[in-house]
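> Pasting in a structure now, in structure tokens, and then I'll have a few things to ask.
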Amino acid sequence: MSGIQLPDDAVTSVAIMVCTQGPSERRTQNFASLGRLKVASDLSLTIIVVDNNELDQLELISQELSSALAGKFRFETAHEKRPGYCYVRNRALSKALETPASVMIFVDDDHAVEPGLVEAYLSEFDKHDCDIIHGTTVDSLRKCSDGTKAKKVSTYNVAFRRRLVAADAMALRFDTRLNLTGKEDHEFFFDAQAKGAVAIFSNQPLTSHIQS
């Protein structure tokens, strides 16, 4: 952790969610990048990994996470036996809601996070009056300025406020009718915006594709 101190009104708890069904080599690189994250000394960060493989791999995943994070951050794991993006992401949201996180971040397991990812997201939330921030990749060809309104939002690198999924607020979940369509993440954030959430793009929170 860095020695940076958070302002009095800053976010104090964040959850990063990773849903995985990929090969262990890719997962290992993702976990290693999470272990290199830099966050403020008084920020609580929880890494949540939900396994969607047919066979439960939680023991192996826990060992891999423990090695990669080396005690730096708290982590939680779960196995979702029902296949598909919606089920596994909804399970991740349920796990995140068990933490005090006021900001939640989804990162795909075939992406490596840049060390400043969390700090970048929190800085952007401070600058912009919004509920959802869609980050980008280091090699992205996307052409838009920070703070540009985002309509179509994906889960490969995105942060959002707890109110989108909290039971006493929007209580959103991924629509299981779209489970294997590849459109469930877009619809989730469309629904959030229909309920009044504000979504923007930012070029500051970065991930990079993990080469298979």
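If you're wondering about the labels, chains in the structure tokens are A, B, ... by order shown, residues count from 1 in each chain, ligands from 1 in order shown.
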Select from region 1-211 of chain A everything DSSP, run on the backbone, classes as helix (DSSP H, G or I), then give the selection as JSON, numbers by chain.
{"A": [24, 25, 26, 27, 28, 29, 30, 31, 32, 33, 34, 35, 58, 59, 60, 61, 62, 63, 64, 65, 66, 67, 68, 69, 85, 86, 87, 88, 89, 90, 91, 92, 93, 94, 95, 96, 97, 117, 118, 119, 120, 121, 122, 123, 124, 125, 126, 127, 162, 163, 164, 176, 177, 178, 184, 185, 186, 187, 188, 189, 190, 191, 192, 193, 194]}
> Could you give me, as a tab-separated table, every region 86-186 of chain A residue with an atom at most 8 Å from region 46-52 of chain A, plus its closest atom pair and distance in Å to one decimal, counting only C-alpha atoms, rows ordered by chain then number?

residue	atom	partner	partner_atom	distance
A:Val88	CA	A:Asn52	CA	6.3
A:Arg89	CA	A:Val50	CA	7.9
A:Arg91	CA	A:Val50	CA	7.2
A:Ala92	CA	A:Val50	CA	6.1
A:Lys95	CA	A:Ile48	CA	7.2
A:Ala96	CA	A:Ile48	CA	7.1
A:Thr99	CA	A:Thr46	CA	7.8
> Give me, please, the distance in Å between CA of Val39 (chain A) and CA of Val113 (chain A), quoted to one decimal.
12.9 Å
> Taking only C-alpha atoms into account, name the residue in A:Thr28, A:Gln21, A:Ser13, A:Asn53 that is nearest to Ser102 (chain A).
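Closest to Ser102 (chain A), using only C-alpha atoms: A:Ser13.
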> I'd like the neighbourhood of Ala169 (chain A) as a PyMOL selection string, where a residue qualifies if any of its atoms comes within 12 Å (using only C-alpha atoms), though same-chain residues fewer than 3 positions away should be ignored.
chain A and resi 161-166+172+192+195-197
> If you measure from CA of Glu76 (chain A) to CA of Leu43 (chain A), what distance in Å do you get, rounded to one decimal?
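Here the two named atoms are 16.9 Å from each other.
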> Quick one: residues within 8 Å of Leu58 (chain A), only C-alpha atoms, excluding same-chain residues fewer than 6 positions away - as a PyMOL selection string?
chain A and resi 51+77-79
> Just give me the gap between CA of Ala32 (chain A) and CA of Asp185 (chain A) in Å, one decimal is fine.
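Between CA of Ala32 (chain A) and CA of Asp185 (chain A) the gap works out to 25.3 Å.
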> Quick one: everything within 6 Å of Ser202 (chain A), counting only C-alpha atoms, minus sequence neighbours fewer than 2 positions away in the same chain. Send it as a PDB file with N, CA, C and O atoms, in the first residue's frame.

ATOM      1  N   GLY A 135     -13.783   2.400 -17.355  1.00  0.00           N
ATOM      2  CA  GLY A 135     -12.370   2.566 -17.649  1.00  0.00           C
ATOM      3  C   GLY A 135     -12.026   2.051 -19.035  1.00  0.00           C
ATOM      4  O   GLY A 135     -12.917   1.773 -19.850  1.00  0.00           O
ATOM      5  N   ASP A 146     -12.157  12.315 -20.754  1.00  0.00           N
ATOM      6  CA  ASP A 146     -12.626  11.946 -19.429  1.00  0.00           C
ATOM      7  C   ASP A 146     -13.893  12.733 -19.102  1.00  0.00           C
ATOM      8  O   ASP A 146     -13.973  13.938 -19.326  1.00  0.00           O
ATOM      9  N   GLN A 204      -8.428   7.085 -17.436  1.00  0.00           N
ATOM     10  CA  GLN A 204      -7.445   6.972 -16.360  1.00  0.00           C
ATOM     11  C   GLN A 204      -7.350   5.575 -15.727  1.00  0.00           C
ATOM     12  O   GLN A 204      -6.257   5.072 -15.484  1.00  0.00           O
TER      13      GLN A 204
END
> Using only C-alpha atoms, pick whichever of A:Asp110, A:Asp191, A:Glu119, A:Glu59 has the shortest atom-to-atom distance to Met170 (chain A).
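Closest to Met170 (chain A), using only C-alpha atoms: A:Asp191.
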> For Phe75 (chain A), work out the shell of residues within 12 Å, counting only C-alpha atoms and skipping chain neighbours fewer than 5 positions away, then give it as an mmCIF file with N, CA, C and O atoms, in the first residue's frame.

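result39.cif, written as the output of this step:
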data_model
loop_
_atom_site.group_PDB
_atom_site.id
_atom_site.type_symbol
_atom_site.label_atom_id
_atom_site.label_comp_id
_atom_site.auth_asym_id
_atom_site.auth_seq_id
_atom_site.Cartn_x
_atom_site.Cartn_y
_atom_site.Cartn_z
ATOM 1 N N VAL A 14 -13.586 -0.513 -0.911
ATOM 2 C CA VAL A 14 -13.777 -0.858 -2.314
ATOM 3 C C VAL A 14 -13.730 -2.377 -2.459
ATOM 4 O O VAL A 14 -12.968 -3.047 -1.751
ATOM 5 N N ALA A 15 -14.538 -2.920 -3.360
ATOM 6 C CA ALA A 15 -14.484 -4.344 -3.703
ATOM 7 C C ALA A 15 -14.183 -4.481 -5.191
ATOM 8 O O ALA A 15 -14.811 -3.811 -6.012
ATOM 9 N N ILE A 16 -13.211 -5.323 -5.519
ATOM 10 C CA ILE A 16 -12.920 -5.665 -6.908
ATOM 11 C C ILE A 16 -13.413 -7.075 -7.157
ATOM 12 O O ILE A 16 -13.045 -8.003 -6.429
ATOM 13 N N MET A 17 -14.233 -7.247 -8.185
ATOM 14 C CA MET A 17 -14.830 -8.550 -8.487
ATOM 15 C C MET A 17 -14.241 -9.111 -9.778
ATOM 16 O O MET A 17 -14.208 -8.421 -10.804
ATOM 17 N N VAL A 18 -13.803 -10.364 -9.706
ATOM 18 C CA VAL A 18 -13.278 -11.077 -10.868
ATOM 19 C C VAL A 18 -14.052 -12.388 -10.989
ATOM 20 O O VAL A 18 -14.083 -13.190 -10.046
ATOM 21 N N PHE A 31 -4.330 -12.358 -11.128
ATOM 22 C CA PHE A 31 -4.110 -12.272 -9.681
ATOM 23 C C PHE A 31 -2.815 -11.535 -9.358
ATOM 24 O O PHE A 31 -2.752 -10.743 -8.417
ATOM 25 N N LEU A 34 -3.350 -7.891 -9.503
ATOM 26 C CA LEU A 34 -4.092 -7.404 -8.339
ATOM 27 C C LEU A 34 -3.162 -7.227 -7.137
ATOM 28 O O LEU A 34 -3.326 -6.296 -6.347
ATOM 29 N N GLY A 35 -2.187 -8.095 -7.030
ATOM 30 C CA GLY A 35 -1.227 -7.987 -5.947
ATOM 31 C C GLY A 35 -0.322 -6.776 -6.054
ATOM 32 O O GLY A 35 0.313 -6.372 -5.061
ATOM 33 N N SER A 44 -9.870 0.273 2.647
ATOM 34 C CA SER A 44 -10.095 -1.164 2.764
ATOM 35 C C SER A 44 -10.445 -1.718 1.387
ATOM 36 O O SER A 44 -11.427 -1.283 0.774
ATOM 37 N N LEU A 45 -9.654 -2.656 0.899
ATOM 38 C CA LEU A 45 -9.880 -3.263 -0.410
ATOM 39 C C LEU A 45 -10.091 -4.760 -0.251
ATOM 40 O O LEU A 45 -9.279 -5.450 0.373
ATOM 41 N N THR A 46 -11.185 -5.254 -0.813
ATOM 42 C CA THR A 46 -11.465 -6.687 -0.813
ATOM 43 C C THR A 46 -11.492 -7.189 -2.258
ATOM 44 O O THR A 46 -12.177 -6.604 -3.105
ATOM 45 N N ILE A 47 -10.743 -8.248 -2.518
ATOM 46 C CA ILE A 47 -10.752 -8.905 -3.823
ATOM 47 C C ILE A 47 -11.737 -10.070 -3.760
ATOM 48 O O ILE A 47 -11.621 -10.933 -2.879
ATOM 49 N N ILE A 48 -12.688 -10.088 -4.672
ATOM 50 C CA ILE A 48 -13.693 -11.153 -4.708
ATOM 51 C C ILE A 48 -13.547 -11.921 -6.014
ATOM 52 O O ILE A 48 -13.625 -11.335 -7.097
ATOM 53 N N VAL A 49 -13.316 -13.228 -5.913
ATOM 54 C CA VAL A 49 -13.172 -14.077 -7.096
ATOM 55 C C VAL A 49 -14.250 -15.150 -7.058
ATOM 56 O O VAL A 49 -14.362 -15.892 -6.072
ATOM 57 N N VAL A 50 -15.042 -15.204 -8.124
ATOM 58 C CA VAL A 50 -16.088 -16.222 -8.214
ATOM 59 C C VAL A 50 -15.750 -17.150 -9.378
ATOM 60 O O VAL A 50 -15.586 -16.716 -10.513
ATOM 61 N N ILE A 61 -7.794 -21.840 -6.285
ATOM 62 C CA ILE A 61 -7.904 -20.387 -6.468
ATOM 63 C C ILE A 61 -7.495 -19.650 -5.200
ATOM 64 O O ILE A 61 -6.797 -18.631 -5.253
ATOM 65 N N SER A 62 -7.906 -20.147 -4.061
ATOM 66 C CA SER A 62 -7.525 -19.513 -2.794
ATOM 67 C C SER A 62 -6.016 -19.549 -2.585
ATOM 68 O O SER A 62 -5.421 -18.576 -2.112
ATOM 69 N N GLN A 63 -5.403 -20.655 -2.954
ATOM 70 C CA GLN A 63 -3.943 -20.755 -2.847
ATOM 71 C C GLN A 63 -3.265 -19.755 -3.769
ATOM 72 O O GLN A 63 -2.301 -19.079 -3.376
ATOM 73 N N GLU A 64 -3.781 -19.643 -4.989
ATOM 74 C CA GLU A 64 -3.208 -18.709 -5.960
ATOM 75 C C GLU A 64 -3.366 -17.259 -5.492
ATOM 76 O O GLU A 64 -2.435 -16.450 -5.605
ATOM 77 N N LEU A 65 -4.544 -16.934 -4.972
ATOM 78 C CA LEU A 65 -4.783 -15.579 -4.475
ATOM 79 C C LEU A 65 -3.905 -15.262 -3.285
ATOM 80 O O LEU A 65 -3.327 -14.173 -3.186
ATOM 81 N N SER A 66 -3.818 -16.199 -2.362
ATOM 82 C CA SER A 66 -2.996 -15.995 -1.180
ATOM 83 C C SER A 66 -1.547 -15.717 -1.559
ATOM 84 O O SER A 66 -0.898 -14.821 -1.002
ATOM 85 N N SER A 67 -1.036 -16.452 -2.529
ATOM 86 C CA SER A 67 0.333 -16.247 -2.983
ATOM 87 C C SER A 67 0.492 -14.902 -3.680
ATOM 88 O O SER A 67 1.454 -14.170 -3.429
ATOM 89 N N ALA A 68 -0.457 -14.551 -4.546
ATOM 90 C CA ALA A 68 -0.352 -13.311 -5.329
ATOM 91 C C ALA A 68 -0.515 -12.066 -4.466
ATOM 92 O O ALA A 68 0.187 -11.067 -4.658
ATOM 93 N N LEU A 69 -1.431 -12.122 -3.510
ATOM 94 C CA LEU A 69 -1.709 -10.933 -2.687
ATOM 95 C C LEU A 69 -0.780 -10.822 -1.496
ATOM 96 O O LEU A 69 -0.583 -9.724 -0.958
ATOM 97 N N ALA A 70 -0.219 -11.940 -1.066
ATOM 98 C CA ALA A 70 0.778 -11.959 0.019
ATOM 99 C C ALA A 70 0.329 -11.165 1.245
ATOM 100 O O ALA A 70 1.110 -10.441 1.857
ATOM 101 N N LYS A 95 -21.580 -11.286 -2.997
ATOM 102 C CA LYS A 95 -20.394 -11.315 -2.141
ATOM 103 C C LYS A 95 -19.919 -9.892 -1.833
ATOM 104 O O LYS A 95 -19.522 -9.583 -0.699
ATOM 105 N N ALA A 96 -19.952 -9.023 -2.835
ATOM 106 C CA ALA A 96 -19.504 -7.636 -2.624
ATOM 107 C C ALA A 96 -20.405 -6.917 -1.626
ATOM 108 O O ALA A 96 -19.935 -6.097 -0.824
ATOM 109 N N THR A 99 -19.567 -6.980 2.019
ATOM 110 C CA THR A 99 -18.505 -6.085 2.474
ATOM 111 C C THR A 99 -19.089 -4.681 2.619
ATOM 112 O O THR A 99 -20.189 -4.401 2.119
#
